[in-house]
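Source file upload.cif; content: mmCIF, C-alpha atoms.
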```cif
data_run
#
loop_
_atom_site.group_PDB
_atom_site.id
_atom_site.type_symbol
_atom_site.label_atom_id
_atom_site.label_comp_id
_atom_site.auth_asym_id
_atom_site.auth_seq_id
_atom_site.Cartn_x
_atom_site.Cartn_y
_atom_site.Cartn_z
ATOM 1 C CA MET E 5 -9.863 -2.970 24.471
ATOM 2 C CA ILE E 6 -10.337 -1.370 21.043
ATOM 3 C CA THR E 7 -12.403 -3.156 18.410
ATOM 4 C CA ILE E 8 -11.469 -2.952 14.764
ATOM 5 C CA SER E 9 -14.928 -3.362 13.236
ATOM 6 C CA GLY E 10 -15.082 0.407 12.686
ATOM 7 C CA ASN E 11 -11.777 0.300 10.829
ATOM 8 C CA TYR E 12 -13.030 -2.527 8.639
ATOM 9 C CA ILE E 13 -16.214 -0.630 7.762
ATOM 10 C CA LYS E 14 -14.166 2.466 6.923
ATOM 11 C CA LYS E 15 -11.913 0.338 4.722
ATOM 12 C CA ILE E 16 -14.932 -0.910 2.767
ATOM 13 C CA LEU E 17 -16.433 2.557 2.432
ATOM 14 C CA LYS E 18 -13.310 4.524 1.540
ATOM 15 C CA PRO E 19 -12.940 3.523 -2.151
ATOM 16 C CA HIS E 20 -16.509 4.697 -2.809
ATOM 17 C CA MET E 21 -16.612 7.932 -0.793
ATOM 18 C CA ASN E 22 -16.160 10.242 -3.784
ATOM 19 C CA SER E 23 -19.102 8.665 -5.591
ATOM 20 C CA PHE E 24 -21.567 8.767 -2.669
ATOM 21 C CA SER E 25 -24.617 10.997 -2.805
ATOM 22 C CA ALA E 26 -25.567 13.086 0.241
ATOM 23 C CA THR E 27 -27.948 10.327 1.331
ATOM 24 C CA GLU E 28 -25.290 7.628 0.912
ATOM 25 C CA LEU E 29 -22.761 9.697 2.882
ATOM 26 C CA ASN E 30 -25.226 9.906 5.764
ATOM 27 C CA ILE E 31 -25.779 6.149 5.697
ATOM 28 C CA ALA E 32 -22.017 5.550 5.532
ATOM 29 C CA GLU E 33 -21.399 7.792 8.539
ATOM 30 C CA TYR E 34 -24.091 5.982 10.504
ATOM 31 C CA PHE E 35 -22.562 2.593 9.678
ATOM 32 C CA VAL E 36 -19.214 3.781 11.024
ATOM 33 C CA VAL E 37 -20.850 5.070 14.212
ATOM 34 C CA LEU E 38 -22.621 1.739 14.740
ATOM 35 C CA GLY E 39 -19.462 -0.314 14.276
ATOM 36 C CA MET E 40 -19.983 -3.851 15.525
ATOM 37 C CA ASP E 41 -23.555 -3.030 16.585
ATOM 38 C CA LEU E 42 -24.372 -3.031 12.875
ATOM 39 C CA VAL E 43 -24.490 -6.849 12.853
ATOM 40 C CA ASN E 44 -27.406 -6.765 15.300
ATOM 41 C CA LYS E 45 -29.494 -4.516 13.087
ATOM 42 C CA THR E 46 -32.086 -5.387 10.465
ATOM 43 C CA LEU E 47 -32.928 -3.297 7.449
ATOM 44 C CA ALA E 48 -36.116 -2.288 9.244
ATOM 45 C CA ASN E 49 -34.083 -1.112 12.267
ATOM 46 C CA LEU E 50 -31.758 0.945 10.122
ATOM 47 C CA SER E 51 -34.614 2.402 8.118
ATOM 48 C CA GLU E 52 -36.311 3.561 11.304
ATOM 49 C CA GLU E 53 -33.092 4.974 12.797
ATOM 50 C CA THR E 54 -31.909 6.795 9.661
ATOM 51 C CA SER E 55 -35.279 7.741 8.161
ATOM 52 C CA TYR E 56 -34.195 6.216 4.853
ATOM 53 C CA SER E 57 -36.144 3.425 3.168
ATOM 54 C CA GLU E 58 -35.060 -0.195 3.394
ATOM 55 C CA ALA E 59 -34.655 -0.213 -0.390
ATOM 56 C CA THR E 60 -32.276 2.765 -0.226
ATOM 57 C CA ILE E 61 -30.087 1.095 2.401
ATOM 58 C CA PHE E 62 -30.164 -2.213 0.503
ATOM 59 C CA LYS E 63 -29.039 -0.474 -2.726
ATOM 60 C CA PHE E 64 -26.275 1.256 -0.760
ATOM 61 C CA VAL E 65 -24.904 -2.078 0.487
ATOM 62 C CA LYS E 66 -25.097 -3.510 -3.038
ATOM 63 C CA LYS E 67 -23.082 -0.520 -4.252
ATOM 64 C CA LEU E 68 -20.321 -1.571 -1.847
ATOM 65 C CA GLY E 69 -20.046 -4.881 -3.701
ATOM 66 C CA PHE E 70 -22.081 -7.192 -1.462
ATOM 67 C CA LYS E 71 -24.863 -9.547 -2.530
ATOM 68 C CA GLY E 72 -27.190 -8.144 0.114
ATOM 69 C CA PHE E 73 -27.440 -6.786 3.638
ATOM 70 C CA GLN E 74 -26.983 -10.210 5.254
ATOM 71 C CA ASP E 75 -23.819 -10.809 3.239
ATOM 72 C CA PHE E 76 -22.528 -7.408 4.377
ATOM 73 C CA LYS E 77 -23.276 -8.163 8.048
ATOM 74 C CA ILE E 78 -21.489 -11.516 7.844
ATOM 75 C CA SER E 79 -18.415 -9.799 6.452
ATOM 76 C CA VAL E 80 -18.430 -7.202 9.241
ATOM 77 C CA ALA E 81 -18.978 -9.847 11.910
ATOM 78 C CA SER E 82 -16.185 -12.077 10.612
ATOM 79 C CA ASN E 83 -13.816 -9.123 10.711
ATOM 80 C CA TYR E 84 -14.682 -8.268 14.306
ATOM 81 C CA HIS E 85 -11.778 -9.035 16.590
ATOM 82 C CA ILE E 86 -10.235 -7.505 19.625
ATOM 83 C CA ASN E 87 -6.785 -5.977 19.402
ATOM 84 C CA GLU E 88 -5.349 -8.430 21.897
ATOM 85 C CA GLU E 89 -6.806 -11.399 20.036
ATOM 86 C CA ARG E 90 -5.396 -10.253 16.699
ATOM 87 C CA SER E 91 -1.883 -10.059 18.075
ATOM 88 C CA HIS E 92 -1.928 -13.852 18.346
ATOM 89 C CA GLN E 93 -3.297 -14.541 14.885
ATOM 90 C CA LEU E 94 -1.273 -16.289 12.228
ATOM 91 C CA ALA E 95 -2.176 -13.863 9.463
ATOM 92 C CA VAL E 96 -3.543 -10.401 8.877
ATOM 93 C CA PHE E 97 -6.586 -11.526 6.898
ATOM 94 C CA THR E 98 -9.094 -11.317 9.719
ATOM 95 C CA ASP E 99 -11.880 -13.448 8.279
ATOM 96 C CA ILE E 100 -9.694 -16.494 7.555
ATOM 97 C CA SER E 101 -10.134 -19.441 9.896
ATOM 98 C CA SER E 102 -8.623 -22.889 10.302
ATOM 99 C CA SER E 103 -11.787 -24.457 8.863
ATOM 100 C CA ASP E 104 -11.403 -22.659 5.511
ATOM 101 C CA LYS E 105 -10.573 -24.654 2.396
ATOM 102 C CA PRO E 106 -7.733 -23.405 0.160
ATOM 103 C CA ILE E 107 -10.276 -22.016 -2.314
ATOM 104 C CA ASP E 108 -12.006 -20.129 0.528
ATOM 105 C CA ILE E 109 -8.693 -18.595 1.576
ATOM 106 C CA SER E 110 -8.002 -17.777 -2.077
ATOM 107 C CA ASN E 111 -11.284 -15.884 -2.408
ATOM 108 C CA LYS E 112 -10.774 -13.995 0.854
ATOM 109 C CA VAL E 113 -7.190 -12.986 0.084
ATOM 110 C CA ILE E 114 -8.145 -11.779 -3.401
ATOM 111 C CA HIS E 115 -11.179 -9.913 -2.047
ATOM 112 C CA SER E 116 -9.020 -8.242 0.598
ATOM 113 C CA SER E 117 -6.476 -7.177 -2.026
ATOM 114 C CA GLN E 118 -9.240 -5.772 -4.232
ATOM 115 C CA ILE E 119 -10.603 -3.668 -1.373
ATOM 116 C CA MET E 120 -7.154 -2.329 -0.523
ATOM 117 C CA LEU E 121 -6.319 -1.499 -4.148
ATOM 118 C CA GLU E 122 -9.599 0.367 -4.495
ATOM 119 C CA SER E 123 -8.775 2.218 -1.279
ATOM 120 C CA LEU E 124 -5.341 3.057 -2.687
ATOM 121 C CA VAL E 125 -6.957 4.693 -5.718
ATOM 122 C CA ALA E 126 -8.967 6.898 -3.380
ATOM 123 C CA SER E 127 -5.994 7.861 -1.193
ATOM 124 C CA LEU E 128 -3.282 8.657 -3.767
ATOM 125 C CA THR E 129 -3.079 12.246 -4.966
ATOM 126 C CA ASN E 130 -1.488 13.750 -8.051
ATOM 127 C CA GLU E 131 0.310 16.261 -5.821
ATOM 128 C CA VAL E 132 2.218 13.599 -3.873
ATOM 129 C CA LEU E 133 3.037 11.500 -6.937
ATOM 130 C CA GLN E 134 4.162 14.550 -8.899
ATOM 131 C CA LYS E 135 6.425 15.660 -6.054
ATOM 132 C CA ALA E 136 8.046 12.211 -5.934
ATOM 133 C CA LEU E 137 8.486 12.287 -9.717
ATOM 134 C CA ASP E 138 10.083 15.747 -9.560
ATOM 135 C CA LEU E 139 12.570 14.613 -6.913
ATOM 136 C CA ILE E 140 13.596 11.644 -9.054
ATOM 137 C CA THR E 141 13.923 13.751 -12.192
ATOM 138 C CA GLN E 142 16.095 16.325 -10.414
ATOM 139 C CA SER E 143 18.406 13.686 -8.920
ATOM 140 C CA LYS E 144 21.640 12.294 -10.304
ATOM 141 C CA GLY E 145 21.280 8.976 -8.488
ATOM 142 C CA LEU E 146 18.621 6.851 -6.763
ATOM 143 C CA HIS E 147 19.258 4.660 -3.701
ATOM 144 C CA PHE E 148 16.934 1.998 -2.292
ATOM 145 C CA PHE E 149 16.952 0.753 1.318
ATOM 146 C CA GLY E 150 14.811 -1.436 3.539
ATOM 147 C CA ILE E 151 15.323 -3.830 6.427
ATOM 148 C CA GLY E 152 13.816 -7.317 6.680
ATOM 149 C CA ALA E 153 10.676 -7.755 4.573
ATOM 150 C CA SER E 154 10.986 -4.155 3.399
ATOM 151 C CA SER E 155 14.336 -4.977 1.802
ATOM 152 C CA VAL E 156 12.465 -7.181 -0.676
ATOM 153 C CA ILE E 157 10.378 -4.187 -1.782
ATOM 154 C CA ALA E 158 13.538 -2.060 -1.988
ATOM 155 C CA LEU E 159 15.230 -4.685 -4.169
ATOM 156 C CA ASP E 160 12.221 -4.945 -6.467
ATOM 157 C CA THR E 161 12.174 -1.146 -6.854
ATOM 158 C CA TYR E 162 15.904 -1.104 -7.597
ATOM 159 C CA GLN E 163 15.473 -3.840 -10.211
ATOM 160 C CA LYS E 164 12.801 -1.775 -11.978
ATOM 161 C CA PHE E 165 14.692 1.529 -11.999
ATOM 162 C CA LEU E 166 17.838 -0.278 -13.125
ATOM 163 C CA ARG E 167 16.226 -0.300 -16.570
ATOM 164 C CA THR E 168 16.013 3.494 -16.702
ATOM 165 C CA SER E 169 18.681 5.996 -17.666
ATOM 166 C CA ILE E 170 19.322 7.207 -14.111
ATOM 167 C CA PRO E 171 22.120 5.584 -12.007
ATOM 168 C CA VAL E 172 20.667 3.428 -9.202
ATOM 169 C CA HIS E 173 22.070 1.681 -6.139
ATOM 170 C CA TYR E 174 20.884 -1.048 -3.764
ATOM 171 C CA VAL E 175 22.730 -2.244 -0.658
ATOM 172 C CA ALA E 176 21.471 -5.139 1.486
ATOM 173 C CA ASP E 177 23.786 -5.049 4.526
ATOM 174 C CA TYR E 178 22.823 -2.400 7.106
ATOM 175 C CA HIS E 179 26.395 -1.365 7.991
ATOM 176 C CA MET E 180 27.157 -0.897 4.308
ATOM 177 C CA GLN E 181 23.886 1.016 3.903
ATOM 178 C CA LEU E 182 25.039 3.463 6.569
ATOM 179 C CA MET E 183 28.410 3.943 4.877
ATOM 180 C CA HIS E 184 26.730 4.362 1.509
ATOM 181 C CA VAL E 185 24.222 6.956 2.776
ATOM 182 C CA SER E 186 26.974 8.949 4.503
ATOM 183 C CA LYS E 187 28.488 9.698 1.079
ATOM 184 C CA LEU E 188 25.309 11.046 -0.513
ATOM 185 C CA THR E 189 24.721 14.681 -1.459
ATOM 186 C CA GLU E 190 21.828 16.991 -2.301
ATOM 187 C CA ASP E 191 21.898 15.516 -5.819
ATOM 188 C CA ASP E 192 20.828 12.091 -4.521
ATOM 189 C CA CYS E 193 17.366 10.699 -3.803
ATOM 190 C CA VAL E 194 16.824 7.895 -1.278
ATOM 191 C CA PHE E 195 13.856 5.522 -1.287
ATOM 192 C CA LEU E 196 13.174 4.182 2.233
ATOM 193 C CA PHE E 197 10.689 1.414 3.019
ATOM 194 C CA SER E 198 9.407 0.580 6.512
ATOM 195 C CA HIS E 199 5.911 -0.790 7.017
ATOM 196 C CA SER E 200 5.897 -0.318 10.796
ATOM 197 C CA GLY E 201 7.700 3.005 10.617
ATOM 198 C CA LYS E 202 9.512 1.998 13.792
ATOM 199 C CA THR E 203 12.523 0.122 12.417
ATOM 200 C CA VAL E 204 15.504 1.619 14.241
ATOM 201 C CA GLU E 205 17.932 0.966 11.379
ATOM 202 C CA THR E 206 15.705 2.680 8.820
ATOM 203 C CA ILE E 207 15.183 5.667 11.107
ATOM 204 C CA ARG E 208 18.956 6.023 11.408
ATOM 205 C CA LEU E 209 19.358 5.819 7.614
ATOM 206 C CA ALA E 210 16.822 8.616 7.251
ATOM 207 C CA GLU E 211 18.675 10.752 9.803
ATOM 208 C CA VAL E 212 22.017 10.315 8.019
ATOM 209 C CA ALA E 213 20.463 10.955 4.599
ATOM 210 C CA LYS E 214 18.904 14.145 5.925
ATOM 211 C CA GLN E 215 22.242 15.272 7.379
ATOM 212 C CA CYS E 216 23.788 14.791 3.939
ATOM 213 C CA HIS E 217 20.957 16.848 2.363
ATOM 214 C CA ALA E 218 19.822 13.935 0.201
ATOM 215 C CA LYS E 219 16.157 13.865 -0.791
ATOM 216 C CA ILE E 220 13.974 11.151 0.816
ATOM 217 C CA ILE E 221 10.935 9.361 -0.623
ATOM 218 C CA TYR E 222 9.399 7.235 2.118
ATOM 219 C CA LEU E 223 6.818 4.441 1.819
ATOM 220 C CA THR E 224 5.293 3.231 5.085
ATOM 221 C CA GLY E 225 2.211 1.839 6.780
ATOM 222 C CA ASN E 226 2.566 4.237 9.713
ATOM 223 C CA PRO E 227 1.176 7.779 9.251
ATOM 224 C CA ALA E 228 3.167 9.029 12.244
ATOM 225 C CA GLY E 229 6.813 8.689 13.186
ATOM 226 C CA ARG E 230 10.208 10.285 12.850
ATOM 227 C CA ILE E 231 10.877 9.241 9.246
ATOM 228 C CA ASN E 232 7.676 10.942 8.041
ATOM 229 C CA VAL E 233 9.011 14.233 9.412
ATOM 230 C CA LEU E 234 12.437 13.744 7.833
ATOM 231 C CA SER E 235 11.088 12.791 4.404
ATOM 232 C CA ASP E 236 10.505 15.083 1.454
ATOM 233 C CA VAL E 237 7.703 12.808 0.267
ATOM 234 C CA SER E 238 5.891 10.369 2.549
ATOM 235 C CA ILE E 239 3.411 7.898 1.044
ATOM 236 C CA VAL E 240 1.326 6.033 3.607
ATOM 237 C CA VAL E 241 -0.044 2.601 2.715
ATOM 238 C CA GLU E 242 -3.254 2.343 4.712
ATOM 239 C CA THR E 243 -4.272 -1.153 5.846
ATOM 240 C CA GLU E 244 -5.599 -2.602 9.079
ATOM 241 C CA GLU E 245 -2.357 -4.484 9.531
ATOM 242 C CA SER E 246 -0.514 -1.168 9.683
ATOM 243 C CA VAL E 247 -1.985 -0.736 13.147
ATOM 244 C CA PHE E 248 -2.205 -4.278 14.467
ATOM 245 C CA GLN E 249 0.448 -6.344 12.703
ATOM 246 C CA SER E 250 4.102 -6.047 11.795
ATOM 247 C CA GLU E 251 3.886 -8.606 8.998
ATOM 248 C CA ALA E 252 3.141 -6.639 5.817
ATOM 249 C CA LEU E 253 1.557 -9.580 4.021
ATOM 250 C CA ALA E 254 -1.457 -7.880 2.493
ATOM 251 C CA ALA E 255 0.215 -4.481 2.124
ATOM 252 C CA ARG E 256 3.013 -5.829 -0.070
ATOM 253 C CA ILE E 257 0.864 -5.620 -3.188
ATOM 254 C CA LEU E 258 0.131 -1.960 -2.406
ATOM 255 C CA TYR E 259 3.825 -1.092 -2.095
ATOM 256 C CA LEU E 260 4.593 -2.808 -5.389
ATOM 257 C CA THR E 261 1.687 -1.002 -7.053
ATOM 258 C CA ILE E 262 2.855 2.421 -5.843
ATOM 259 C CA VAL E 263 6.378 1.646 -7.023
ATOM 260 C CA ASP E 264 5.014 0.641 -10.442
ATOM 261 C CA ILE E 265 3.092 3.924 -10.666
ATOM 262 C CA ILE E 266 6.171 6.009 -9.859
ATOM 263 C CA TYR E 267 8.387 3.902 -12.131
ATOM 264 C CA LEU E 268 6.075 4.177 -15.147
ATOM 265 C CA SER E 269 5.570 7.897 -14.510
ATOM 266 C CA TYR E 270 9.336 8.356 -14.642
ATOM 267 C CA LEU E 271 9.677 6.232 -17.781
ATOM 268 C CA TYR E 272 7.242 8.414 -19.678
ATOM 269 C CA LYS E 273 8.657 11.625 -18.216
ATOM 270 C CA ASP E 274 11.716 11.218 -20.472
ATOM 271 C CA GLU E 275 10.427 8.549 -22.829
ATOM 272 C CA ASN E 276 13.090 8.686 -25.558
ATOM 273 C CA LYS E 277 16.039 8.528 -23.172
ATOM 274 C CA ASN E 278 14.538 5.692 -21.132
ATOM 275 C CA ILE E 279 13.501 3.706 -24.216
ATOM 276 C CA HIS E 280 17.124 3.775 -25.361
ATOM 277 C CA SER E 281 18.228 2.510 -21.917
ATOM 278 C CA ILE E 282 15.643 -0.276 -21.890
ATOM 279 C CA ASP E 283 16.506 -1.349 -25.446
ATOM 280 C CA THR E 284 20.197 -1.534 -24.535
ATOM 281 C CA ILE E 285 19.447 -3.683 -21.494
ATOM 282 C CA ARG E 286 17.114 -5.945 -23.467
ATOM 283 C CA GLN E 287 19.793 -6.477 -26.080
ATOM 284 C CA ILE E 288 22.373 -7.400 -23.444
ATOM 285 C CA LEU E 289 19.945 -9.685 -21.603
ATOM 286 C CA SER E 290 18.992 -11.437 -24.833
ATOM 287 C CA THR E 291 22.299 -13.308 -24.647
ATOM 288 C CA THR E 292 21.043 -15.030 -21.470
ATOM 289 C CA LYS E 293 18.058 -16.602 -23.209
ATOM 290 C CA GLU E 294 18.061 -19.835 -25.125
ATOM 291 C CA LYS E 295 17.724 -19.401 -28.867
ATOM 292 C CA ASP E 296 14.841 -21.054 -30.706
ATOM 293 C CA GLU E 297 16.088 -23.820 -32.943
ATOM 294 C CA LYS E 298 15.423 -23.292 -36.628
ATOM 295 C CA VAL E 299 13.492 -26.079 -38.270
#
```
Represent the supplied structure as structure tokens.
Amino acid sequence: MITISGNYIKKILKPHMNSFSATELNIAEYFVVLGMDLVNKTLANLSEETSYSEATIFKFVKKLGFKGFQDFKISVASNYHINEERSHQLAVFTDISSSDKPIDISNKVIHSSQIMLESLVASLTNEVLQKALDLITQSKGLHFFGIGASSVIALDTYQKFLRTSIPVHYVADYHMQLMHVSKLTEDDCVFLFSHSGKTVETIRLAEVAKQCHAKIIYLTGNPAGRINVLSDVSIVVETEESVFQSEALAARILYLTIVDIIYLSYLYKDENKNIHSIDTIRQILSTTKEKDEKV
């Protein structure tokens, strides 16, 4: 049995790692080592074991966004589950229970999203984003594919890039996706989405795209797998559910955020050309909106 308390602590710490002092880094490392045992410790215990004052440790926990050490311990304890137990849970938000009121669930979901978005800021690099932007800029066409829940992300990405000056394509049916990919060339760039990284259909699409020498930008929750190797750019969305759950409920907001970042970067890469494209689309779409009646 593998506990996930360590993963949860790492998730809390990650967004702040770059701002930690040497002392705070030592405390952070000790928290990770303790894992679930942390909930059995008092500030006095930790002070004795780390040789740092109780006030220093208390300030460190406050820096993480908690009201105090007890609040921090409750959060760690509520996120302590065993891998086998989590596989039978209804949702990926580990501290939600059947006794929670809707407003409690609201607060926990929002808090979880905030932590993950902060973690995303810490994990994204200019190098990876720039490489993805270069591939798009050098391509004559963009193609977006996903299976199941990932197809929703692919469609959303397609709908965004449809406003730009570059030709874009989205296909929902898997058999048609395969036929479409088989006709691509080195001038094409394929966006693939698979949270688990194990979707057989998506793996096959990546293989065919690679055979056709098309460029591949891959967004996934799995840092390992065949598609990562085949891709020109692989962006990993790190969440606990990437390991324990197939339902990308919490991660969806991260995928959409990354897509927005890449989309806006491309818009401003060739601002004048894309502004003209967006204005043309807005003008055409204006005919679909009801006109305000003149008084």
- Message: Need the shell around Tyr174 in chain E: protein/DNA/RNA residues with any atom at most 10 Å away, counting all atoms listed in the file. Skip same-chain ones fewer than 4 positions apart. Format as a list in words?
- Response: Leu146, His147, Phe148, Phe149, Gly150, Ser155, Ala158, Leu159, Asp160, Thr161, Tyr162, Gln163, Leu166, Gln181, His184 and Phe195 of chain E
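Interatomic distance, CA of Tyr178 in chain E against CA of Gln215 in chain E: 17.7 Å.
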- Selected by the PyMOL selection byres ((chain E and resi 15) around 8) in the shown coordinates: which residues, as a list in words? Asn11, Tyr12, Ile13, Lys14, Ile16, Leu17, Lys18, Pro19, Ile119, Met120, Ser123 and Thr243 of chain E
Would you mind exporting the chosen residues as a PDB file, keeping the file's coordinate frame, restricted to C-alpha atoms?
```pdb
ATOM      1  CA  ASN E  11     -11.777   0.300  10.829  1.00  0.00           C
ATOM      2  CA  TYR E  12     -13.030  -2.527   8.639  1.00  0.00           C
ATOM      3  CA  ILE E  13     -16.214  -0.630   7.762  1.00  0.00           C
ATOM      4  CA  LYS E  14     -14.166   2.466   6.923  1.00  0.00           C
ATOM      5  CA  ILE E  16     -14.932  -0.910   2.767  1.00  0.00           C
ATOM      6  CA  LEU E  17     -16.433   2.557   2.432  1.00  0.00           C
ATOM      7  CA  LYS E  18     -13.310   4.524   1.540  1.00  0.00           C
ATOM      8  CA  PRO E  19     -12.940   3.523  -2.151  1.00  0.00           C
ATOM      9  CA  ILE E 119     -10.603  -3.668  -1.373  1.00  0.00           C
ATOM     10  CA  MET E 120      -7.154  -2.329  -0.523  1.00  0.00           C
ATOM     11  CA  SER E 123      -8.775   2.218  -1.279  1.00  0.00           C
ATOM     12  CA  THR E 243      -4.272  -1.153   5.846  1.00  0.00           C
TER      13      THR E 243
END
```
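For the pair CA of Tyr270 in chain E and CA of Ile140 in chain E, the separation is 7.8 Å.
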- Message: I'd like the neighbourhood of Lys273 in chain E as a PyMOL selection string, where a residue qualifies if any of its atoms comes within 12 Å (using all atoms listed in the file), though same-chain residues fewer than 3 positions away should be ignored.
- Response: chain E and resi 134+137-138+140-142+168-169+266-270+276-279
- Task: Find the residues near Val65 in chain E: any atom within 10 Å, counting only C-alpha atoms, skip ones fewer than 5 places away on the same chain, and give them as a list in words.
- Result: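 Contacts, in chain order: Leu17, Glu28, Ile31, Ala32, Ala59, Thr60, Phe70, Lys71, Gly72, Phe73, Gln74, Asp75, Phe76 and Lys77 of chain E.
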Write out, as a PDB file, in the coordinates of the input, the residues just selected, with C-alpha atoms.
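Result file is again_27.pdb:
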```pdb
ATOM      1  CA  LEU E  17     -16.433   2.557   2.432  1.00  0.00           C
ATOM      2  CA  GLU E  28     -25.290   7.628   0.912  1.00  0.00           C
ATOM      3  CA  ILE E  31     -25.779   6.149   5.697  1.00  0.00           C
ATOM      4  CA  ALA E  32     -22.017   5.550   5.532  1.00  0.00           C
ATOM      5  CA  ALA E  59     -34.655  -0.213  -0.390  1.00  0.00           C
ATOM      6  CA  THR E  60     -32.276   2.765  -0.226  1.00  0.00           C
ATOM      7  CA  PHE E  70     -22.081  -7.192  -1.462  1.00  0.00           C
ATOM      8  CA  LYS E  71     -24.863  -9.547  -2.530  1.00  0.00           C
ATOM      9  CA  GLY E  72     -27.190  -8.144   0.114  1.00  0.00           C
ATOM     10  CA  PHE E  73     -27.440  -6.786   3.638  1.00  0.00           C
ATOM     11  CA  GLN E  74     -26.983 -10.210   5.254  1.00  0.00           C
ATOM     12  CA  ASP E  75     -23.819 -10.809   3.239  1.00  0.00           C
ATOM     13  CA  PHE E  76     -22.528  -7.408   4.377  1.00  0.00           C
ATOM     14  CA  LYS E  77     -23.276  -8.163   8.048  1.00  0.00           C
TER      15      LYS E  77
END
```
- Task: For range 196-200 of chain E, list every protein, DNA or RNA residue within 8 Å, evaluated using all atoms listed in the file, and leave out those in the same chain fewer than 4 positions away; present the list as a PyMOL selection string.
- Result: chain E and resi 148-151+154-155+157-158+206+210+220-226+246+250+252
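Nearest residue to Asp191 in chain E, choosing from E:Leu139, E:Ser51, E:Val241, E:Arg208 and counting all atoms listed in the file: E:Leu139.
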Can you take range 25-36 of chain E from the block and write N, CA, C and O atoms as an mmCIF file, in the first residue's frame?
```cif
data_model
loop_
_atom_site.group_PDB
_atom_site.id
_atom_site.type_symbol
_atom_site.label_atom_id
_atom_site.label_comp_id
_atom_site.auth_asym_id
_atom_site.auth_seq_id
_atom_site.Cartn_x
_atom_site.Cartn_y
_atom_site.Cartn_z
ATOM 1 N N SER E 25 13.508 30.285 1.672
ATOM 2 C CA SER E 25 14.875 30.510 2.141
ATOM 3 C C SER E 25 15.508 29.145 2.416
ATOM 4 O O SER E 25 14.835 28.109 2.339
ATOM 5 N N ALA E 26 16.790 29.133 2.748
ATOM 6 C CA ALA E 26 17.473 27.872 3.053
ATOM 7 C C ALA E 26 16.802 27.174 4.233
ATOM 8 O O ALA E 26 16.612 25.949 4.238
ATOM 9 N N THR E 27 16.422 27.955 5.225
ATOM 10 C CA THR E 27 15.742 27.395 6.406
ATOM 11 C C THR E 27 14.401 26.789 6.014
ATOM 12 O O THR E 27 14.063 25.673 6.422
ATOM 13 N N GLU E 28 13.633 27.510 5.207
ATOM 14 C CA GLU E 28 12.313 27.034 4.781
ATOM 15 C C GLU E 28 12.424 25.789 3.905
ATOM 16 O O GLU E 28 11.582 24.884 3.986
ATOM 17 N N LEU E 29 13.460 25.710 3.088
ATOM 18 C CA LEU E 29 13.678 24.507 2.269
ATOM 19 C C LEU E 29 13.940 23.293 3.154
ATOM 20 O O LEU E 29 13.443 22.188 2.881
ATOM 21 N N ASN E 30 14.691 23.490 4.217
ATOM 22 C CA ASN E 30 14.965 22.389 5.147
ATOM 23 C C ASN E 30 13.688 21.920 5.839
ATOM 24 O O ASN E 30 13.461 20.716 6.007
ATOM 25 N N ILE E 31 12.857 22.870 6.237
ATOM 26 C CA ILE E 31 11.590 22.521 6.886
ATOM 27 C C ILE E 31 10.688 21.788 5.894
ATOM 28 O O ILE E 31 10.043 20.787 6.230
ATOM 29 N N ALA E 32 10.645 22.291 4.659
ATOM 30 C CA ALA E 32 9.820 21.667 3.618
ATOM 31 C C ALA E 32 10.245 20.222 3.379
ATOM 32 O O ALA E 32 9.413 19.312 3.292
ATOM 33 N N GLU E 33 11.544 20.006 3.268
ATOM 34 C CA GLU E 33 12.064 18.653 3.041
ATOM 35 C C GLU E 33 11.706 17.728 4.211
ATOM 36 O O GLU E 33 11.377 16.559 4.003
ATOM 37 N N TYR E 34 11.744 18.255 5.412
ATOM 38 C CA TYR E 34 11.420 17.435 6.575
ATOM 39 C C TYR E 34 9.933 17.089 6.607
ATOM 40 O O TYR E 34 9.558 15.968 6.961
ATOM 41 N N PHE E 35 9.089 18.016 6.195
ATOM 42 C CA PHE E 35 7.653 17.752 6.110
ATOM 43 C C PHE E 35 7.369 16.612 5.127
ATOM 44 O O PHE E 35 6.547 15.737 5.388
ATOM 45 N N VAL E 36 8.060 16.642 3.996
ATOM 46 C CA VAL E 36 7.862 15.590 2.992
ATOM 47 C C VAL E 36 8.309 14.238 3.539
ATOM 48 O O VAL E 36 7.647 13.221 3.328
#
```
